[in-house]
$ cat model.cif   # mmCIF, C-alpha atoms (C1' of nucleotides)
data_start
loop_
_atom_site.label_atom_id
_atom_site.label_comp_id
_atom_site.auth_asym_id
_atom_site.auth_seq_id
_atom_site.Cartn_x
_atom_site.Cartn_y
_atom_site.Cartn_z
CA MET A 1331 -11.15 5.10 11.88
CA SER A 1332 -8.47 4.78 9.26
CA ILE A 1333 -5.06 3.39 9.93
CA ILE A 1334 -1.94 2.87 7.91
CA PHE A 1335 -0.22 0.23 9.97
CA SER A 1336 -1.63 -1.91 12.76
CA LYS A 1337 -0.72 -0.89 16.31
CA LYS A 1338 1.42 -4.00 16.43
CA CYS A 1339 3.36 -2.78 13.43
CA GLU A 1340 3.63 0.77 14.74
CA TYR A 1341 5.01 -0.45 18.04
CA GLY A 1342 7.34 -2.83 16.23
CA LEU A 1343 8.69 0.00 14.10
CA GLN A 1344 9.15 2.24 17.11
CA ALA A 1345 10.86 -0.47 19.13
CA VAL A 1346 13.26 -1.35 16.35
CA LEU A 1347 14.03 2.32 15.81
CA TYR A 1348 14.70 2.57 19.52
CA LEU A 1349 17.10 -0.37 19.39
CA SER A 1350 18.89 1.28 16.48
CA SER A 1351 19.35 4.43 18.48
CA ILE A 1352 21.16 2.95 21.45
CA THR A 1353 24.80 2.05 21.36
CA GLU A 1354 25.47 -0.75 18.93
CA SER A 1355 25.04 -4.23 20.34
CA ALA A 1356 23.54 -2.86 23.50
CA VAL A 1357 20.50 -4.68 24.80
CA ALA A 1358 17.31 -3.05 25.96
CA SER A 1359 14.73 -4.79 28.10
CA ALA A 1360 11.04 -4.70 27.25
CA ASP A 1361 10.65 -2.64 30.38
CA GLU A 1362 13.11 0.01 29.20
CA ILE A 1363 11.61 0.18 25.71
CA SER A 1364 8.11 0.36 27.08
CA GLY A 1365 9.09 3.20 29.38
CA LYS A 1366 10.93 5.24 26.78
CA LEU A 1367 8.30 4.88 24.11
CA ARG A 1368 5.29 4.92 26.42
CA ILE A 1369 3.85 1.77 24.97
CA PRO A 1370 2.52 -1.31 26.81
CA LYS A 1371 5.37 -3.46 28.09
CA GLU A 1372 3.82 -6.90 27.67
CA PHE A 1373 2.70 -6.04 24.17
CA VAL A 1374 6.01 -4.72 22.92
CA SER A 1375 7.69 -7.70 24.48
CA LYS A 1376 5.44 -10.03 22.54
CA ILE A 1377 6.05 -8.11 19.32
CA LEU A 1378 9.81 -8.24 19.74
CA GLN A 1379 9.57 -11.96 20.38
CA GLU A 1380 7.89 -12.29 17.03
CA LEU A 1381 10.51 -10.13 15.34
CA THR A 1382 13.08 -12.42 16.91
CA GLU A 1383 11.55 -15.29 14.97
CA SER A 1384 11.82 -13.30 11.75
CA GLY A 1385 15.50 -12.75 12.44
CA MET A 1386 15.46 -8.96 12.68
CA VAL A 1387 15.98 -8.94 16.39
CA ASN A 1388 17.70 -11.22 18.87
CA SER A 1389 17.35 -11.54 22.59
CA LYS A 1390 19.22 -12.40 25.69
CA LYS A 1391 17.46 -14.03 28.61
CA GLY A 1392 18.09 -13.52 32.28
CA LYS A 1393 19.47 -10.67 34.29
CA ASN A 1394 20.71 -7.72 32.22
CA GLY A 1395 19.06 -9.41 29.27
CA GLY A 1396 16.78 -7.87 26.71
CA PHE A 1397 16.47 -7.34 22.98
CA PHE A 1398 18.95 -6.16 20.41
CA LEU A 1399 19.17 -5.87 16.64
CA ASP A 1400 20.42 -9.01 14.98
CA LYS A 1401 21.83 -7.20 11.94
CA PRO A 1402 23.92 -4.10 11.42
CA VAL A 1403 21.78 -0.97 11.30
CA ASN A 1404 22.77 -0.35 7.70
CA GLN A 1405 21.15 -3.62 6.75
CA ILE A 1406 17.69 -3.03 8.15
CA LYS A 1407 14.97 -1.03 6.45
CA LEU A 1408 11.67 0.09 7.95
CA MET A 1409 9.96 -1.93 5.25
CA ASP A 1410 11.55 -5.08 6.63
CA ILE A 1411 9.64 -4.61 9.85
CA VAL A 1412 6.42 -3.70 8.09
CA GLN A 1413 6.83 -6.74 5.88
CA ALA A 1414 7.38 -8.99 8.88
CA ILE A 1415 4.36 -7.72 10.80
CA ASP A 1416 1.72 -6.32 8.46
CA GLY A 1417 2.94 -7.66 5.15
CA ASP A 1418 2.76 -5.62 1.97
CA SER A 1419 -0.94 -5.88 1.19
CA ILE A 1420 -1.32 -2.15 1.63
CA PHE A 1421 0.92 -1.64 -1.37
CA ARG A 1422 -0.93 -4.10 -3.48
CA THR A 1423 -4.59 -3.39 -2.89
CA CYS A 1424 -7.00 -0.70 -4.02
CA VAL A 1425 -7.34 2.36 -1.76
CA LEU A 1426 -11.05 2.40 -2.39
CA GLY A 1427 -11.33 -1.32 -1.75
CA PHE A 1428 -12.40 -2.24 -5.27
CA PRO A 1429 -11.57 -5.80 -6.29
CA ASN A 1430 -8.86 -6.48 -8.88
CA CYS A 1431 -7.79 -2.89 -9.22
CA SER A 1432 -5.10 -2.78 -11.89
CA ASN A 1433 -4.00 -0.89 -14.96
CA GLU A 1434 -6.46 -2.99 -16.93
CA ALA A 1435 -9.37 -2.37 -14.56
CA PRO A 1436 -8.44 0.79 -12.69
CA CYS A 1437 -10.54 2.47 -10.03
CA PRO A 1438 -11.13 6.22 -10.38
CA VAL A 1439 -8.00 7.09 -8.41
CA HIS A 1440 -5.85 4.15 -9.45
CA GLU A 1441 -3.21 6.10 -11.29
CA THR A 1442 -2.72 8.71 -8.60
CA TRP A 1443 -2.68 6.17 -5.83
CA SER A 1444 -0.23 3.91 -7.65
CA LYS A 1445 2.25 6.74 -7.67
CA LEU A 1446 1.68 7.69 -4.03
CA SER A 1447 1.73 4.07 -2.93
CA LYS A 1448 5.06 3.56 -4.64
CA GLU A 1449 6.52 6.65 -3.05
CA THR A 1450 5.33 5.51 0.35
CA PHE A 1451 6.93 2.14 -0.23
CA ASP A 1452 10.16 3.85 -1.21
CA MET A 1453 10.01 5.94 1.94
CA LEU A 1454 10.18 2.73 3.93
CA ASN A 1455 12.41 0.76 1.64
CA GLN A 1456 15.11 3.09 0.42
CA GLU A 1457 16.84 4.15 3.58
CA THR A 1458 18.32 1.98 6.28
CA LEU A 1459 18.07 2.51 10.01
CA ASP A 1460 21.51 4.08 10.30
CA GLN A 1461 20.34 6.97 8.15
CA PHE A 1462 17.63 7.74 10.67
CA ILE A 1463 19.64 7.50 13.88
CA LEU A 1464 19.94 11.20 14.55
CA LYS A 1465 16.28 11.89 13.88
CA THR A 1466 15.29 8.83 15.87
CA LYS A 1467 17.26 9.94 18.90
CA LYS A 1468 15.70 13.37 18.78
CA LYS A 1469 12.21 12.03 18.43
CA ILE A 1470 12.59 9.61 21.31
CA GLN A 1471 14.01 12.32 23.52
CA SER A 1472 10.98 14.45 22.73
CA ILE A 1473 8.69 11.78 24.15
CA SER A 1474 10.02 11.67 27.67
CA MET B 315 -2.76 -6.24 8.30
CA SER B 316 -2.54 -2.62 7.25
CA ILE B 317 -5.44 -0.64 5.91
CA ILE B 318 -5.98 2.86 4.65
CA PHE B 319 -9.70 3.19 5.15
CA SER B 320 -12.00 1.01 7.23
CA LYS B 321 -14.16 -1.46 5.31
CA LYS B 322 -17.10 0.71 6.22
CA CYS B 323 -15.45 3.66 4.54
CA GLU B 324 -14.39 1.65 1.50
CA TYR B 325 -17.92 0.39 1.00
CA GLY B 326 -19.29 3.86 1.56
CA LEU B 327 -17.00 5.28 -1.09
CA GLN B 328 -17.89 2.55 -3.53
CA ALA B 329 -21.61 2.92 -2.92
CA VAL B 330 -21.54 6.68 -3.38
CA LEU B 331 -19.48 6.28 -6.55
CA TYR B 332 -22.07 3.81 -7.74
CA LEU B 333 -24.87 6.26 -7.05
CA SER B 334 -22.97 8.91 -8.98
CA SER B 335 -22.70 6.63 -11.97
CA ILE B 336 -26.39 5.94 -12.47
CA THR B 337 -28.71 8.41 -14.12
CA GLU B 338 -29.06 11.53 -12.06
CA SER B 339 -31.70 11.41 -9.36
CA ALA B 340 -32.26 7.72 -9.93
CA VAL B 341 -32.60 5.63 -6.82
CA ALA B 342 -30.78 2.37 -6.20
CA SER B 343 -31.84 -0.13 -3.57
CA ALA B 344 -29.35 -1.62 -1.14
CA ASP B 345 -30.00 -4.88 -2.92
CA GLU B 346 -28.98 -3.47 -6.30
CA ILE B 347 -25.86 -1.79 -4.93
CA SER B 348 -24.86 -4.89 -3.04
CA GLY B 349 -25.24 -6.99 -6.16
CA LYS B 350 -23.33 -4.65 -8.46
CA LEU B 351 -20.47 -4.07 -6.07
CA ARG B 352 -20.41 -7.53 -4.54
CA ILE B 353 -20.52 -6.21 -1.03
CA PRO B 354 -22.77 -7.33 1.86
CA LYS B 355 -26.28 -5.94 1.45
CA GLU B 356 -27.15 -5.37 5.10
CA PHE B 357 -23.84 -3.67 5.68
CA VAL B 358 -24.00 -1.27 2.76
CA SER B 359 -27.55 -0.50 3.70
CA LYS B 360 -26.47 0.45 7.19
CA ILE B 361 -23.62 2.57 5.86
CA LEU B 362 -25.89 4.46 3.48
CA GLN B 363 -28.29 5.09 6.34
CA GLU B 364 -25.45 6.73 8.19
CA LEU B 365 -24.47 8.78 5.15
CA THR B 366 -28.09 9.84 4.99
CA GLU B 367 -27.72 11.37 8.42
CA SER B 368 -24.64 13.28 7.25
CA GLY B 369 -26.66 14.69 4.37
CA MET B 370 -24.64 13.21 1.51
CA VAL B 371 -27.29 10.73 0.57
CA ASN B 372 -31.03 10.63 0.80
CA SER B 373 -33.46 7.76 0.72
CA LYS B 374 -36.93 6.78 -0.30
CA LYS B 375 -38.79 4.15 1.63
CA GLY B 376 -41.25 1.63 0.32
CA LYS B 377 -41.58 -0.12 -3.02
CA ASN B 378 -39.23 1.18 -5.72
CA GLY B 379 -37.44 3.02 -2.99
CA GLY B 380 -33.74 3.14 -2.32
CA PHE B 381 -30.87 5.54 -1.95
CA PHE B 382 -29.80 8.50 -4.04
CA LEU B 383 -27.32 11.34 -3.81
CA ASP B 384 -28.66 14.36 -2.00
CA LYS B 385 -26.38 16.82 -3.79
CA PRO B 386 -25.33 17.37 -7.39
CA VAL B 387 -22.37 15.18 -8.34
CA ASN B 388 -20.19 18.23 -8.88
CA GLN B 389 -20.63 19.12 -5.25
CA ILE B 390 -19.44 15.88 -3.69
CA LYS B 391 -15.82 14.93 -3.16
CA LEU B 392 -14.48 11.55 -2.09
CA MET B 393 -13.04 13.27 0.94
CA ASP B 394 -16.54 14.21 2.05
CA ILE B 395 -17.39 10.55 2.42
CA VAL B 396 -14.09 9.71 4.09
CA GLN B 397 -14.63 12.61 6.47
CA ALA B 398 -18.13 11.44 7.33
CA ILE B 399 -17.10 7.85 8.01
CA ASP B 400 -13.45 7.61 9.03
CA GLY B 401 -12.74 11.24 9.79
CA ASP B 402 -9.41 12.81 8.89
CA SER B 403 -7.22 11.35 11.62
CA ILE B 404 -5.19 9.54 9.00
CA PHE B 405 -4.06 12.88 7.66
CA ARG B 406 -3.18 14.21 11.05
CA THR B 407 -1.36 11.38 12.81
CA CYS B 408 2.12 9.93 12.55
CA VAL B 409 2.59 7.02 10.12
CA LEU B 410 4.88 5.35 12.60
CA GLY B 411 2.47 5.95 15.46
CA PHE B 412 4.75 8.28 17.41
CA PRO B 413 2.96 10.72 19.70
CA ASN B 414 2.87 14.44 18.86
CA CYS B 415 4.62 14.10 15.54
CA SER B 416 5.04 17.59 14.15
CA ASN B 417 7.56 19.87 12.52
CA GLU B 418 8.86 20.62 15.99
CA ALA B 419 9.15 16.99 17.04
CA PRO B 420 9.27 15.06 13.76
CA CYS B 421 9.59 11.31 13.45
CA PRO B 422 12.25 9.98 11.09
CA VAL B 423 9.91 10.02 8.09
CA HIS B 424 7.82 13.01 9.07
CA GLU B 425 8.81 15.24 6.21
CA THR B 426 8.33 12.65 3.51
CA TRP B 427 5.05 11.47 4.92
CA SER B 428 3.72 15.00 5.31
CA LYS B 429 4.13 15.49 1.61
CA LEU B 430 2.61 12.14 0.68
CA SER B 431 -0.21 12.58 3.13
CA LYS B 432 -1.05 15.95 1.64
CA GLU B 433 -1.03 14.55 -1.87
CA THR B 434 -3.31 11.73 -0.80
CA PHE B 435 -5.66 14.23 0.76
CA ASP B 436 -5.66 16.23 -2.44
CA MET B 437 -6.41 13.11 -4.42
CA LEU B 438 -9.63 12.80 -2.46
CA ASN B 439 -10.41 16.45 -2.06
CA GLN B 440 -9.65 18.12 -5.37
CA GLU B 441 -11.97 16.40 -7.78
CA THR B 442 -15.70 15.97 -7.54
CA LEU B 443 -17.66 12.85 -8.35
CA ASP B 444 -18.70 14.06 -11.80
CA GLN B 445 -15.08 14.04 -12.88
CA PHE B 446 -14.88 10.35 -12.11
CA ILE B 447 -18.10 9.18 -13.71
CA LEU B 448 -16.57 7.61 -16.80
CA LYS B 449 -13.88 5.79 -14.85
CA THR B 450 -16.41 4.77 -12.22
CA LYS B 451 -18.74 3.25 -14.81
CA LYS B 452 -15.90 1.29 -16.36
CA LYS B 453 -14.68 -0.01 -13.04
CA ILE B 454 -18.12 -1.11 -11.93
CA GLN B 455 -18.71 -2.86 -15.22
CA SER B 456 -15.44 -4.72 -14.74
CA ILE B 457 -16.74 -6.19 -11.49
CA SER B 458 -19.76 -8.02 -12.83
"C1'" DT C 1093 -57.24 -3.27 1.01
"C1'" DA C 1094 -53.87 -6.84 0.65
"C1'" DT C 1095 -49.34 -7.62 -1.05
"C1'" DT C 1096 -44.84 -6.68 -1.94
"C1'" DA C 1097 -40.62 -4.31 -1.55
"C1'" DA C 1098 -38.15 -0.89 0.40
"C1'" DT C 1099 -35.73 1.86 4.42
"C1'" DC C 1100 -35.07 2.48 9.60
"C1'" DG C 1101 -33.42 1.75 14.24
"C1'" DG C 1102 -31.48 -0.87 17.35
"C1'" DA C 1103 -29.72 -4.91 19.10
"C1'" DA C 1104 -27.08 -9.05 18.50
"C1'" DT C 1105 -23.40 -11.71 16.70
"C1'" DT C 1106 -18.96 -12.76 14.74
"C1'" DT C 1107 -14.36 -11.79 13.77
"C1'" DT C 1108 -10.20 -9.41 14.34
"C1'" DT C 1109 -7.08 -6.72 16.80
"C1'" DA C 1110 -5.17 -5.19 20.99
"C1'" DC C 1111 -3.41 -6.31 25.07
"C1'" DT C 1112 -2.59 -9.17 29.58
"C1'" DC C 1113 -1.50 -13.10 32.52
"C1'" DT C 1114 0.86 -17.08 34.01
"C1'" DG C 1115 4.10 -20.40 34.64
"C1'" DA C 1116 8.47 -22.03 32.80
"C1'" DT C 1117 13.23 -21.26 31.81
"C1'" DA C 1118 17.55 -18.84 31.46
"C1'" DT C 1119 21.36 -16.02 33.44
"C1'" DG C 1120 24.11 -12.75 36.03
"C1'" DT C 1121 25.40 -11.58 40.86
"C1'" DC C 1122 25.86 -11.94 45.89
"C1'" DG D 684 23.11 -22.10 45.77
"C1'" DA D 685 19.72 -18.51 46.45
"C1'" DC D 686 17.86 -14.57 44.42
"C1'" DA D 687 16.62 -11.15 41.24
"C1'" DT D 688 15.59 -10.12 36.61
"C1'" DA D 689 15.06 -11.23 32.03
"C1'" DT D 690 12.80 -13.69 27.87
"C1'" DC D 691 9.50 -17.33 26.12
"C1'" DA D 692 5.32 -19.80 24.96
"C1'" DG D 693 0.86 -20.18 25.08
"C1'" DA D 694 -3.49 -19.24 26.83
"C1'" DG D 695 -6.71 -15.85 28.15
"C1'" DT D 696 -9.27 -11.41 28.13
"C1'" DA D 697 -10.94 -6.89 26.37
"C1'" DA D 698 -12.19 -3.83 22.95
"C1'" DA D 699 -13.14 -2.56 18.40
"C1'" DA D 700 -14.58 -3.47 13.75
"C1'" DA D 701 -17.35 -5.99 10.64
"C1'" DT D 702 -21.46 -7.99 9.70
"C1'" DT D 703 -26.17 -9.84 10.48
"C1'" DC D 704 -30.93 -10.00 12.23
"C1'" DC D 705 -35.39 -8.44 13.43
"C1'" DG D 706 -39.40 -6.06 13.96
"C1'" DA D 707 -41.43 -1.61 12.63
"C1'" DT D 708 -42.69 1.63 9.22
"C1'" DT D 709 -43.48 3.40 4.68
"C1'" DA D 710 -45.11 3.49 0.01
"C1'" DA D 711 -46.33 1.75 -4.71
"C1'" DT D 712 -49.42 -1.25 -7.12
"C1'" DA D 713 -52.62 -4.83 -8.21
#
$ encode --input "model.cif" --output "structure tokens"
Amino acid sequence: MSIIFSKKCEYGLQAVLYLSSITESAVASADEISGKLRIPKEFVSKILQELTESGMVNSKKGKNGGFFLDKPVNQIKLMDIVQAIDGDSIFRTCVLGFPNCSNEAPCPVHETWSKLSKETFDMLNQETLDQFILKTKKKIQSIS
Amino acid sequence: MSIIFSKKCEYGLQAVLYLSSITESAVASADEISGKLRIPKEFVSKILQELTESGMVNSKKGKNGGFFLDKPVNQIKLMDIVQAIDGDSIFRTCVLGFPNCSNEAPCPVHETWSKLSKETFDMLNQETLDQFILKTKKKIQSIS
DNA sequence: TATTAATCGGAATTTTTACTCTGATATGTC
DNA sequence: GACATATCAGAGTAAAAATTCCGATTAATA
């Protein structure tokens, strides 16, 4: 079974996208997020706690509390979340798993993958959350 | 930690590439492959046994035995090995992990990823092992 | 025929990832 | 102040992936 990002990272990305899609500065509880995205509550709660440590997200305890983005949506990129959870190893290592794959010692698909890897990185690193809001809202609506 | 292919799949790809790089119809023991590729012997042995079941590879027991490709190198594609080990779920599921991501209910990066995903698939599915032989030999030499 | 060197099949183990539980603490509201 | 509803921290559990082990079988060769 192949994966691109760990489940943790997937859920983190989805949760942050969710937070970006609700009215600015609004808080959402783990319970709400879990319900809307259909992902395990305790798990997403734990993930958002971790993202709180990395400064992407902030939280408010107690009644009516929850999580909210700690930066303006035009200052957060999907890559920031990936970086915080899974790191960037996927963009630095060989697709085929060969050691020390580089321009000097390339694997058979090194050149092609380098290009695709870069484009994938750009996909996550060029746009900011605000540019996705409309699409995000639609996608989330389609879930429930 | 993100990955593209499971370790099993990575090792499988490497092992099959190795087999394609040695003189046609020559056999290589798990021990030889493990040594050349610096990957765990027992593990690669197990993986090649599985690929034997899928008909990509064949084996010869007993002294001087080992594994060898069961088809001509111009009839094997990297995707065949990926398919046999990891399947093609990576090319069919959402990068962000959203459920039912499709043209009808796309995630924020659906369009971009569709394109990249297809190109990655092509990378593995367009060329056959014979077209990689030179590069494969060089890469394997660079390891030892 | 004994020895040596392989794969084979299946189970066992280890490690990592995914996910849950619990008890503590904070906070808004009646 | 009591209560309900949150996060928080850390431990605990479950499941999956990675890796190893073992005993059986097979085959070349001395």
$ closest_residue --input "model.cif" --among "D:DA692, D:DA713, D:DA687, D:DC705" --to "DA1094 in chain C" --atoms "all atoms listed in the file"
D:DA713
$ calpha_fit_and_write --input "model.cif" --fixed "chain B" --moving "chain A" --output "tab-separated table (two decimals) with C-alpha atoms, in the coordinates of the input"
chain	number	residue	atom	x	y	z
A	1331	MET	CA	-2.66	-6.22	8.29
A	1332	SER	CA	-2.50	-2.61	7.22
A	1333	ILE	CA	-5.45	-0.68	5.96
A	1334	ILE	CA	-6.02	2.79	4.66
A	1335	PHE	CA	-9.73	3.13	5.19
A	1336	SER	CA	-12.05	0.95	7.25
A	1337	LYS	CA	-14.21	-1.52	5.33
A	1338	LYS	CA	-17.15	0.67	6.26
A	1339	CYS	CA	-15.49	3.61	4.58
A	1340	GLU	CA	-14.44	1.60	1.54
A	1341	TYR	CA	-17.96	0.34	1.03
A	1342	GLY	CA	-19.34	3.83	1.60
A	1343	LEU	CA	-17.02	5.25	-1.04
A	1344	GLN	CA	-17.91	2.52	-3.50
A	1345	ALA	CA	-21.63	2.90	-2.90
A	1346	VAL	CA	-21.55	6.65	-3.34
A	1347	LEU	CA	-19.48	6.27	-6.49
A	1348	TYR	CA	-22.07	3.80	-7.71
A	1349	LEU	CA	-24.88	6.26	-7.04
A	1350	SER	CA	-22.96	8.91	-8.96
A	1351	SER	CA	-22.68	6.63	-11.93
A	1352	ILE	CA	-26.36	5.95	-12.47
A	1353	THR	CA	-28.65	8.41	-14.12
A	1354	GLU	CA	-29.02	11.54	-12.07
A	1355	SER	CA	-31.71	11.41	-9.42
A	1356	ALA	CA	-32.21	7.73	-9.99
A	1357	VAL	CA	-32.56	5.62	-6.88
A	1358	ALA	CA	-30.77	2.38	-6.23
A	1359	SER	CA	-31.85	-0.12	-3.61
A	1360	ALA	CA	-29.39	-1.64	-1.16
A	1361	ASP	CA	-30.03	-4.89	-2.95
A	1362	GLU	CA	-28.99	-3.48	-6.33
A	1363	ILE	CA	-25.88	-1.80	-4.93
A	1364	SER	CA	-24.90	-4.89	-3.03
A	1365	GLY	CA	-25.25	-7.00	-6.15
A	1366	LYS	CA	-23.33	-4.68	-8.44
A	1367	LEU	CA	-20.49	-4.08	-6.05
A	1368	ARG	CA	-20.44	-7.55	-4.51
A	1369	ILE	CA	-20.58	-6.24	-1.00
A	1370	PRO	CA	-22.87	-7.35	1.87
A	1371	LYS	CA	-26.36	-5.94	1.43
A	1372	GLU	CA	-27.28	-5.37	5.07
A	1373	PHE	CA	-23.97	-3.69	5.71
A	1374	VAL	CA	-24.07	-1.29	2.79
A	1375	SER	CA	-27.63	-0.49	3.69
A	1376	LYS	CA	-26.58	0.44	7.19
A	1377	ILE	CA	-23.71	2.55	5.88
A	1378	LEU	CA	-25.95	4.44	3.49
A	1379	GLN	CA	-28.38	5.07	6.32
A	1380	GLU	CA	-25.55	6.72	8.19
A	1381	LEU	CA	-24.54	8.76	5.16
A	1382	THR	CA	-28.17	9.84	4.96
A	1383	GLU	CA	-27.79	11.37	8.40
A	1384	SER	CA	-24.70	13.26	7.26
A	1385	GLY	CA	-26.69	14.68	4.37
A	1386	MET	CA	-24.65	13.20	1.52
A	1387	VAL	CA	-27.30	10.73	0.57
A	1388	ASN	CA	-31.07	10.63	0.77
A	1389	SER	CA	-33.48	7.76	0.64
A	1390	LYS	CA	-36.92	6.81	-0.42
A	1391	LYS	CA	-38.85	4.16	1.46
A	1392	GLY	CA	-41.25	1.62	0.08
A	1393	LYS	CA	-41.61	-0.05	-3.26
A	1394	ASN	CA	-39.20	1.22	-5.93
A	1395	GLY	CA	-37.44	3.04	-3.13
A	1396	GLY	CA	-33.75	3.13	-2.40
A	1397	PHE	CA	-30.88	5.55	-2.00
A	1398	PHE	CA	-29.80	8.50	-4.06
A	1399	LEU	CA	-27.31	11.35	-3.82
A	1400	ASP	CA	-28.66	14.36	-2.01
A	1401	LYS	CA	-26.37	16.83	-3.78
A	1402	PRO	CA	-25.31	17.38	-7.36
A	1403	VAL	CA	-22.36	15.19	-8.30
A	1404	ASN	CA	-20.18	18.24	-8.82
A	1405	GLN	CA	-20.63	19.11	-5.18
A	1406	ILE	CA	-19.45	15.88	-3.62
A	1407	LYS	CA	-15.83	14.91	-3.09
A	1408	LEU	CA	-14.49	11.52	-2.04
A	1409	MET	CA	-13.05	13.23	1.01
A	1410	ASP	CA	-16.55	14.17	2.11
A	1411	ILE	CA	-17.39	10.51	2.48
A	1412	VAL	CA	-14.11	9.67	4.15
A	1413	GLN	CA	-14.64	12.57	6.52
A	1414	ALA	CA	-18.14	11.40	7.36
A	1415	ILE	CA	-17.13	7.81	8.05
A	1416	ASP	CA	-13.49	7.57	9.08
A	1417	GLY	CA	-12.73	11.19	9.83
A	1418	ASP	CA	-9.42	12.77	8.93
A	1419	SER	CA	-7.20	11.31	11.64
A	1420	ILE	CA	-5.15	9.52	9.02
A	1421	PHE	CA	-4.05	12.87	7.68
A	1422	ARG	CA	-3.17	14.21	11.05
A	1423	THR	CA	-1.30	11.42	12.78
A	1424	CYS	CA	2.19	9.98	12.51
A	1425	VAL	CA	2.66	7.07	10.08
A	1426	LEU	CA	4.96	5.40	12.54
A	1427	GLY	CA	2.55	6.00	15.40
A	1428	PHE	CA	4.84	8.32	17.34
A	1429	PRO	CA	3.04	10.76	19.63
A	1430	ASN	CA	2.95	14.47	18.81
A	1431	CYS	CA	4.69	14.14	15.49
A	1432	SER	CA	5.12	17.64	14.11
A	1433	ASN	CA	7.64	19.93	12.48
A	1434	GLU	CA	8.94	20.69	15.95
A	1435	ALA	CA	9.24	17.04	16.98
A	1436	PRO	CA	9.37	15.12	13.72
A	1437	CYS	CA	9.68	11.37	13.39
A	1438	PRO	CA	12.35	10.03	11.02
A	1439	VAL	CA	10.00	10.07	8.04
A	1440	HIS	CA	7.90	13.07	9.02
A	1441	GLU	CA	8.88	15.31	6.15
A	1442	THR	CA	8.39	12.71	3.45
A	1443	TRP	CA	5.12	11.51	4.88
A	1444	SER	CA	3.77	15.04	5.28
A	1445	LYS	CA	4.15	15.53	1.57
A	1446	LEU	CA	2.64	12.17	0.64
A	1447	SER	CA	-0.18	12.59	3.14
A	1448	LYS	CA	-1.04	15.95	1.65
A	1449	GLU	CA	-1.03	14.57	-1.85
A	1450	THR	CA	-3.28	11.73	-0.78
A	1451	PHE	CA	-5.65	14.21	0.80
A	1452	ASP	CA	-5.66	16.23	-2.40
A	1453	MET	CA	-6.42	13.09	-4.38
A	1454	LEU	CA	-9.63	12.78	-2.41
A	1455	ASN	CA	-10.41	16.43	-2.00
A	1456	GLN	CA	-9.64	18.11	-5.29
A	1457	GLU	CA	-11.95	16.40	-7.70
A	1458	THR	CA	-15.68	15.96	-7.47
A	1459	LEU	CA	-17.66	12.85	-8.30
A	1460	ASP	CA	-18.68	14.09	-11.74
A	1461	GLN	CA	-15.05	14.05	-12.80
A	1462	PHE	CA	-14.87	10.36	-12.04
A	1463	ILE	CA	-18.09	9.20	-13.67
A	1464	LEU	CA	-16.55	7.63	-16.74
A	1465	LYS	CA	-13.88	5.79	-14.79
A	1466	THR	CA	-16.42	4.76	-12.18
A	1467	LYS	CA	-18.74	3.26	-14.77
A	1468	LYS	CA	-15.90	1.31	-16.31
A	1469	LYS	CA	-14.69	0.01	-13.00
A	1470	ILE	CA	-18.13	-1.11	-11.90
A	1471	GLN	CA	-18.72	-2.85	-15.20
A	1472	SER	CA	-15.46	-4.72	-14.71
A	1473	ILE	CA	-16.75	-6.20	-11.47
A	1474	SER	CA	-19.76	-8.03	-12.81
$ atom_distance --input "model.cif" --atom1 "CA of Lys385 in chain B" --atom2 "CA of Val371 in chain B"
7.5 Å
$ resolve_selection --input "model.cif" --expression "the PyMOL selection byres ((chain A and resi 1351) around 7)" --output "VMD selection string"
chain A and resid 1347 to 1350 1352 to 1353 1463 1466 to 1467
$ write_last_selection --input "model.cif" --atoms "C-alpha atoms" --output "compact mmCIF listing (two decimals), in the frame of the given file"
# COMPACT_ATOMS: atom_id res chain seq x y z
CA LEU A 1347 14.03 2.32 15.81
CA TYR A 1348 14.70 2.57 19.52
CA LEU A 1349 17.10 -0.37 19.39
CA SER A 1350 18.89 1.28 16.48
CA ILE A 1352 21.16 2.95 21.45
CA THR A 1353 24.80 2.05 21.36
CA ILE A 1463 19.64 7.50 13.88
CA THR A 1466 15.29 8.83 15.87
CA LYS A 1467 17.26 9.94 18.90
$ resolve_selection --input "model.cif" --expression "the PyMOL selection byres ((chain B) within 6 of (chain D))" --output "mmCIF file with C-alpha atoms, in the frame of the given file"
data_model
loop_
_atom_site.group_PDB
_atom_site.id
_atom_site.type_symbol
_atom_site.label_atom_id
_atom_site.label_comp_id
_atom_site.auth_asym_id
_atom_site.auth_seq_id
_atom_site.Cartn_x
_atom_site.Cartn_y
_atom_site.Cartn_z
ATOM 1 C CA LYS B 375 -38.790 4.150 1.630
ATOM 2 C CA GLY B 376 -41.250 1.630 0.320
ATOM 3 C CA LYS B 377 -41.580 -0.120 -3.020
#
